[in-house]
file input-v6.txt (compact mmCIF, C-alpha atoms)
# COMPACT_ATOMS: atom_id res chain seq x y z
CA MET A 95 113.54 129.18 46.07
CA PRO A 96 116.25 126.58 45.70
CA SER A 97 115.33 123.07 46.64
CA ARG A 98 117.42 120.08 47.45
CA ARG A 99 117.33 118.49 44.08
CA ALA A 100 117.39 122.01 42.66
CA LEU A 101 120.46 122.85 44.50
CA THR A 102 122.31 119.91 43.04
CA THR A 103 123.85 121.97 40.03
CA VAL A 104 125.81 124.76 41.58
CA ILE A 105 127.80 124.07 44.75
CA GLY A 106 129.71 121.03 43.57
CA LEU A 107 130.20 122.56 40.15
CA LEU A 108 131.46 125.78 41.61
CA ALA A 109 133.84 124.14 44.03
CA LEU A 110 135.00 122.14 41.03
CA VAL A 111 135.35 125.36 39.07
CA ALA A 112 137.74 126.81 41.59
CA ALA A 113 139.62 123.56 42.00
CA LEU A 114 140.15 123.19 38.27
CA LEU A 115 141.12 126.82 37.90
CA ALA A 116 143.69 126.32 40.61
CA THR A 117 145.33 123.31 38.97
CA ALA A 118 147.33 125.52 36.62
CA SER A 119 150.07 127.80 37.86
CA PRO A 120 149.09 131.50 37.86
CA ALA A 121 152.37 132.18 36.08
CA ARG A 122 151.11 130.41 32.97
CA ALA A 123 149.37 132.65 30.48
CA ASP A 124 146.72 130.03 29.73
CA ALA A 125 145.80 129.84 33.43
CA ALA A 126 144.70 133.46 33.70
CA PRO A 127 140.92 134.05 33.60
CA PHE A 128 139.61 135.77 30.48
CA GLU A 129 137.40 138.83 31.04
CA LEU A 130 134.49 139.31 28.66
CA ARG A 131 133.14 142.76 27.89
CA PRO A 132 131.73 144.38 31.07
CA LEU A 133 127.95 144.42 31.09
CA VAL A 134 127.85 147.55 33.26
CA PRO A 135 131.10 149.48 32.76
CA ALA A 136 132.46 151.55 35.61
CA GLY A 137 132.49 155.33 35.35
CA ALA A 138 129.95 158.07 34.79
CA GLY A 139 126.40 156.74 34.56
CA TYR A 140 127.24 153.45 36.27
CA GLN A 141 124.29 153.51 38.66
CA ASP A 142 121.83 154.43 35.91
CA ARG A 143 123.09 151.59 33.69
CA LEU A 144 122.96 149.14 36.61
CA ARG A 145 119.39 150.15 37.42
CA ALA A 146 118.37 149.80 33.77
CA GLU A 147 119.89 146.31 33.62
CA VAL A 148 117.91 145.19 36.67
CA ALA A 149 114.68 146.95 35.61
CA TYR A 150 114.77 145.15 32.25
CA TRP A 151 113.93 141.86 33.97
CA THR A 152 110.19 142.09 34.52
CA LEU A 153 108.13 139.13 35.69
CA GLY A 154 107.23 138.42 32.07
CA LYS A 155 110.84 138.30 30.90
CA MET A 156 111.83 136.10 33.82
CA ALA A 157 109.00 133.71 33.05
CA ASP A 158 109.93 133.60 29.38
CA ALA A 159 113.61 133.00 30.10
CA GLY A 160 113.43 130.86 33.21
CA LEU A 161 110.44 128.56 33.37
CA ASN A 162 111.48 126.18 30.54
CA ASN A 163 109.16 123.29 31.40
CA GLU A 164 109.62 124.07 35.07
CA ASP A 165 106.07 122.94 35.88
CA ALA A 166 107.03 119.46 34.70
CA ASP A 167 110.25 119.69 36.69
CA ALA A 168 108.21 119.96 39.87
CA THR A 169 106.70 116.50 39.27
CA PRO A 170 108.35 113.74 41.34
CA PRO A 171 109.97 110.93 39.37
CA PRO A 172 108.44 107.41 39.45
CA GLY A 173 108.83 106.12 42.97
CA GLY A 174 109.20 109.60 44.44
CA TRP A 175 112.21 111.67 45.47
CA ASP A 176 115.09 110.13 47.34
CA ASP A 177 117.65 111.85 49.59
CA LEU A 178 119.68 113.17 46.64
CA SER A 179 116.84 114.37 44.47
CA LYS A 180 114.10 115.66 46.76
CA PRO A 181 113.53 119.42 47.01
CA TRP A 182 115.71 121.22 49.51
CA PRO A 183 113.78 122.48 52.57
CA ARG A 184 113.07 126.17 52.34
CA GLY A 185 115.32 128.29 54.50
CA GLN A 186 117.51 125.40 55.60
CA GLY A 187 121.22 126.07 55.60
CA LEU A 188 123.44 128.57 53.84
CA VAL A 189 122.75 127.11 50.40
CA SER A 190 119.10 128.21 50.61
CA ARG A 191 120.38 131.82 50.44
CA THR A 192 123.52 131.63 48.34
CA ALA A 193 122.27 129.49 45.44
CA GLY A 194 120.19 131.42 42.94
CA LYS A 195 119.05 131.81 39.39
CA LEU A 196 120.76 133.80 36.64
CA PHE A 197 118.66 135.30 33.87
CA MET A 198 120.51 136.14 30.66
CA GLU A 199 119.78 137.97 27.44
CA TYR A 200 122.05 136.80 24.63
CA THR A 201 123.03 138.46 21.39
CA ASP A 202 124.14 136.36 18.44
CA VAL A 203 127.58 137.56 17.38
CA ASP A 204 126.93 136.70 13.73
CA THR A 205 123.31 137.77 13.21
CA GLY A 206 122.50 140.17 16.04
CA ALA A 207 119.48 138.05 17.02
CA VAL A 208 118.44 138.30 20.67
CA SER A 209 117.39 135.37 22.86
CA THR A 210 117.03 134.65 26.58
CA SER A 211 117.75 131.78 28.95
CA SER A 212 118.57 131.03 32.58
CA CYS A 213 121.28 129.30 34.62
CA SER A 214 122.26 128.58 38.20
CA GLY A 215 124.82 130.48 40.23
CA ASN A 216 126.18 130.58 43.75
CA VAL A 217 127.59 133.33 45.95
CA VAL A 218 131.09 132.44 47.15
CA THR A 219 133.50 133.95 49.63
CA SER A 220 135.75 136.61 48.12
CA ALA A 221 137.59 139.75 49.17
CA ASN A 222 134.87 142.01 47.76
CA ARG A 223 132.00 139.67 48.77
CA SER A 224 130.45 140.25 45.34
CA VAL A 225 131.41 137.16 43.33
CA VAL A 226 129.00 134.56 41.96
CA LEU A 227 130.31 131.39 40.33
CA THR A 228 128.52 129.68 37.45
CA ALA A 229 129.24 127.84 34.21
CA ALA A 230 131.04 129.49 31.29
CA HIS A 231 128.33 128.39 28.85
CA CYS A 232 125.96 130.73 30.69
CA LEU A 233 128.05 133.67 29.43
CA ARG A 234 129.45 132.61 26.07
CA VAL A 235 128.74 129.75 23.66
CA HIS A 236 130.05 129.10 20.18
CA THR A 237 129.21 125.81 18.51
CA PRO A 238 130.70 125.87 15.01
CA LEU A 239 129.05 122.55 14.16
CA ASP A 240 125.66 124.32 14.38
CA ILE A 241 124.01 121.99 16.87
CA GLY A 242 121.53 124.55 18.08
CA PHE A 243 123.44 126.95 20.33
CA GLY A 244 124.87 129.29 17.71
CA ASN A 245 127.47 131.94 18.45
CA VAL A 246 126.10 133.95 21.36
CA VAL A 247 127.38 136.15 24.17
CA ALA A 248 125.51 137.47 27.22
CA THR A 249 124.65 141.15 26.89
CA ASN A 250 122.32 141.55 29.90
CA MET A 251 122.30 139.42 33.03
CA VAL A 252 120.94 139.45 36.58
CA PHE A 253 121.32 137.13 39.56
CA VAL A 254 118.48 136.33 41.97
CA PRO A 255 119.73 134.56 45.11
CA ALA A 256 117.18 132.11 46.58
CA PHE A 257 114.93 132.67 43.57
CA ASP A 258 111.41 131.39 44.31
CA GLY A 259 109.25 130.78 41.25
CA THR A 260 106.06 129.91 43.14
CA ASN A 261 104.41 133.24 42.33
CA LEU A 262 106.10 133.86 38.99
CA PRO A 263 103.27 134.33 36.47
CA ARG A 264 102.95 131.40 34.09
CA ASP A 265 101.72 133.89 31.52
CA PRO A 266 104.99 135.54 30.36
CA SER A 267 103.34 138.89 29.72
CA GLY A 268 103.75 140.38 33.17
CA THR A 269 105.34 143.82 33.21
CA ARG A 270 105.86 144.20 36.96
CA VAL A 271 109.30 143.73 38.48
CA PRO A 272 109.73 140.85 40.97
CA GLY A 273 109.00 141.45 44.64
CA ARG A 274 110.40 139.78 47.73
CA ASP A 275 108.19 136.73 47.25
CA ILE A 276 110.17 135.88 44.11
CA ALA A 277 113.46 137.61 44.90
CA PRO A 278 113.75 137.50 48.73
CA TYR A 279 117.26 139.01 48.67
CA GLY A 280 116.74 141.32 45.73
CA VAL A 281 117.79 141.29 42.08
CA TRP A 282 121.51 141.82 41.44
CA GLY A 283 122.86 143.11 38.17
CA VAL A 284 125.89 141.37 36.67
CA THR A 285 128.51 144.02 36.00
CA ARG A 286 131.65 142.09 35.00
CA GLN A 287 132.21 138.53 33.78
CA TRP A 288 135.15 136.13 33.47
CA ILE A 289 135.55 132.71 31.86
CA THR A 290 138.48 130.31 31.83
CA HIS A 291 141.18 130.89 29.25
CA THR A 292 140.41 127.55 27.65
CA TRP A 293 136.71 128.43 27.27
CA SER A 294 137.67 131.73 25.65
CA GLN A 295 139.50 129.64 23.02
CA SER A 296 136.92 126.86 22.68
CA ALA A 297 133.46 127.84 23.92
CA ASP A 298 131.89 124.60 22.74
CA TRP A 299 132.32 121.93 25.45
CA LEU A 300 135.04 120.23 23.39
CA LEU A 301 138.22 121.67 24.88
CA GLY A 302 137.18 124.54 27.12
CA ARG A 303 136.76 124.26 30.87
CA ASP A 304 133.16 125.25 31.45
CA MET A 305 133.65 127.59 34.42
CA ALA A 306 132.96 131.27 35.04
CA ALA A 307 132.71 133.99 37.67
CA VAL A 308 130.66 137.18 37.63
CA LEU A 309 130.62 140.34 39.72
CA VAL A 310 127.21 141.51 40.94
CA ASP A 311 125.81 144.75 42.34
CA ASN A 312 122.40 145.95 43.46
CA PRO A 313 121.16 149.49 42.66
CA ASP A 314 118.85 149.39 45.69
CA ASP A 315 121.24 147.95 48.29
CA PRO A 316 124.69 149.38 49.06
CA ARG A 317 125.84 146.15 50.70
CA PRO A 318 127.73 143.47 48.76
CA VAL A 319 125.72 140.34 48.05
CA GLY A 320 127.92 138.25 50.34
CA GLU A 321 126.95 140.44 53.27
CA VAL A 322 123.28 139.86 52.46
CA THR A 323 123.31 136.13 51.75
CA GLY A 324 126.61 134.85 53.09
CA GLY A 325 128.97 132.96 50.81
CA GLN A 326 130.05 129.40 50.18
CA GLU A 327 133.67 128.48 50.81
CA VAL A 328 135.77 127.59 47.79
CA ALA A 329 138.38 124.83 47.99
CA PHE A 330 141.52 124.85 45.84
CA ASN A 331 143.89 122.05 44.86
CA GLN A 332 141.50 119.33 45.96
CA PRO A 333 142.03 115.69 44.98
CA GLN A 334 140.16 114.51 41.92
CA ASN A 335 138.07 111.35 41.45
CA ARG A 336 135.61 112.31 44.15
CA ALA A 337 131.83 112.41 44.07
CA ALA A 338 130.17 115.80 44.45
CA ARG A 339 126.69 117.05 45.20
CA ILE A 340 125.75 119.87 42.87
CA PHE A 341 123.02 122.40 43.59
CA GLY A 342 121.05 124.52 41.16
CA TYR A 343 117.92 125.11 39.11
CA PRO A 344 116.96 122.94 36.14
CA THR A 345 116.12 124.11 32.66
CA ILE A 346 114.71 120.89 31.22
CA ASN A 347 112.66 118.17 32.83
CA GLU A 348 115.11 115.33 32.14
CA ARG A 349 117.52 116.92 34.61
CA ASN A 350 115.18 117.11 37.56
CA TYR A 351 116.51 113.87 39.01
CA TYR A 352 119.06 111.20 38.13
CA ARG A 353 120.73 111.14 34.76
CA PRO A 354 124.04 109.57 33.71
CA ALA A 355 127.21 111.34 34.75
CA MET A 356 128.29 113.76 32.01
CA CYS A 357 131.98 113.80 32.86
CA PRO A 358 133.16 110.92 35.06
CA PRO A 359 134.35 110.63 37.73
CA LEU A 360 132.22 113.54 38.96
CA SER A 361 128.83 112.12 39.90
CA SER A 362 125.98 114.07 38.41
CA GLY A 363 123.01 114.83 40.63
CA PRO A 364 119.85 116.46 39.36
CA SER A 365 118.78 119.97 39.83
CA THR A 366 115.41 121.46 40.57
CA ALA A 367 113.48 124.62 40.02
CA GLY A 368 112.53 126.46 43.14
CA ALA A 369 108.91 126.88 42.18
call {"tool": "encode", "arguments": {"input": "input-v6.txt", "output": "structure tokens"}}
result
Amino acid sequence: MPSRRALTTVIGLLALVAALLATASPARADAAPFELRPLVPAGAGYQDRLRAEVAYWTLGKMADAGLNNEDADATPPPGGWDDLSKPWPRGQGLVSRTAGKLFMEYTDVDTGAVSTSSCSGNVVTSANRSVVLTAAHCLRVHTPLDIGFGNVVATNMVFVPAFDGTNLPRDPSGTRVPGRDIAPYGVWGVTRQWITHTWSQSADWLLGRDMAAVLVDNPDDPRPVGEVTGGQEVAFNQPQNRAARIFGYPTINERNYYRPAMCPPLSSGPSTAGA
């Protein structure tokens, strides 16, 4: 489940996502979001494809994609946690339900090779109550300088709000699907995905704005995710040069507490795994 230091990678980022997206006029072509290929296209067979996407993510696949030194992440830093980095109390506040973990399978555009990883996401208020905000690099990355990320695009993705890794097997061979102890609000398939126009042109952190939104659906629950978990408010046209607390799940141990700000003036707080 998300924890307080864990929850530091999504909320601030996602409010920032919306704010930055709103800085350009909708009339400008480069301000329009760019839709990637739908992961679960609408039409005949939609429910079967959605169920297959969700069923793909067994406990073993989640462990393989999402632990990433997470045991080390649970170790307090020297001197212990402080108010910004300590784990978030379980069940406290809306963020304990809306923040969650994304699990992605990637396909390399050039070689066809398949890999997996994980990210953080957050349910936000929207007309359809089905939108999760995250980072664009969780959906699409292209690093032409070959610094280790390759040229990959997400081809299978699920979102687990309030993901709790406590009972996730550390042996990534488990074939069972996650229960309510790991996915208390269910596993939601990602059906459609959008990135910023700039990231569609430069998916390499150099010029693109690293922001994205996905649409989620659950084959076992007819309600929209926002009805199940609630949603975080999104602010537009906010002043810049302000500090932000960011909530999420870490992927490497160095991010489990303080590290230098990556893009001043936004202050960078750590993130934590919910296990």
call {"tool": "closest_atom_pairs", "arguments": {"input": "input-v6.txt", "of": "stretch 262-347 of chain A", "to": "stretch 132-139 of chain A", "cutoff": "8 Å", "atoms": "only C-alpha atoms", "output": "CSV"}}
result
residue,atom,partner,partner_atom,distance
A:Val284,CA,A:Leu133,CA,6.7
A:Thr285,CA,A:Val134,CA,4.5
A:Arg286,CA,A:Pro132,CA,4.5
A:Gln287,CA,A:Pro132,CA,6.5
call {"tool": "atom_distance", "arguments": {"input": "input-v6.txt", "atom1": "atom CA of A:Ala307", "atom2": "atom CA of A:Arg270"}}
result
28.7 Å
call {"tool": "closest_residue", "arguments": {"input": "input-v6.txt", "among": "A:Val208, A:Ala256, A:Val271, A:Ile340", "to": "A:Val322", "atoms": "only C-alpha atoms"}}
result
A:Ala256
call {"tool": "residues_around", "arguments": {"input": "input-v6.txt", "residues": "A:Val252", "least_positions_apart": "6", "cutoff": "7 Å", "atoms": "only C-alpha atoms", "output": "VMD selection string"}}
result
chain A and resid 148 196 to 198 281 to 284
call {"tool": "residues_around", "arguments": {"input": "input-v6.txt", "residues": "A:Gln326", "least_positions_apart": "6", "cutoff": "7 Å", "atoms": "only C-alpha atoms", "output": "NGL selection string"}}
result
:A and (217-219)
call {"tool": "closest_residue", "arguments": {"input": "input-v6.txt", "among": "A:Ala248, A:Val254, A:Ala207, A:Leu130", "to": "A:Gly160", "atoms": "all atoms listed in the file"}}
result
A:Val254
call {"tool": "atom_distance", "arguments": {"input": "input-v6.txt", "atom1": "atom CA of A:Gln141", "atom2": "atom CA of A:Asp315"}}
result
11.5 Å
call {"tool": "atom_distance", "arguments": {"input": "input-v6.txt", "atom1": "atom CA of A:Ala149", "atom2": "atom CA of A:Pro266"}}
result
15.9 Å
call {"tool": "closest_residue", "arguments": {"input": "input-v6.txt", "among": "A:Ala277, A:Val247, A:Val189, A:Val225", "to": "A:Val319", "atoms": "all atoms listed in the file"}}
result
A:Val225
call {"tool": "residues_near_point", "arguments": {"input": "input-v6.txt", "point": "(127.2, 128.8, 23.5)", "cutoff": "7 Å", "atoms": "only C-alpha atoms", "output": "PyMOL selection string"}}
result
chain A and resi 231+234-237+243-246+297-298
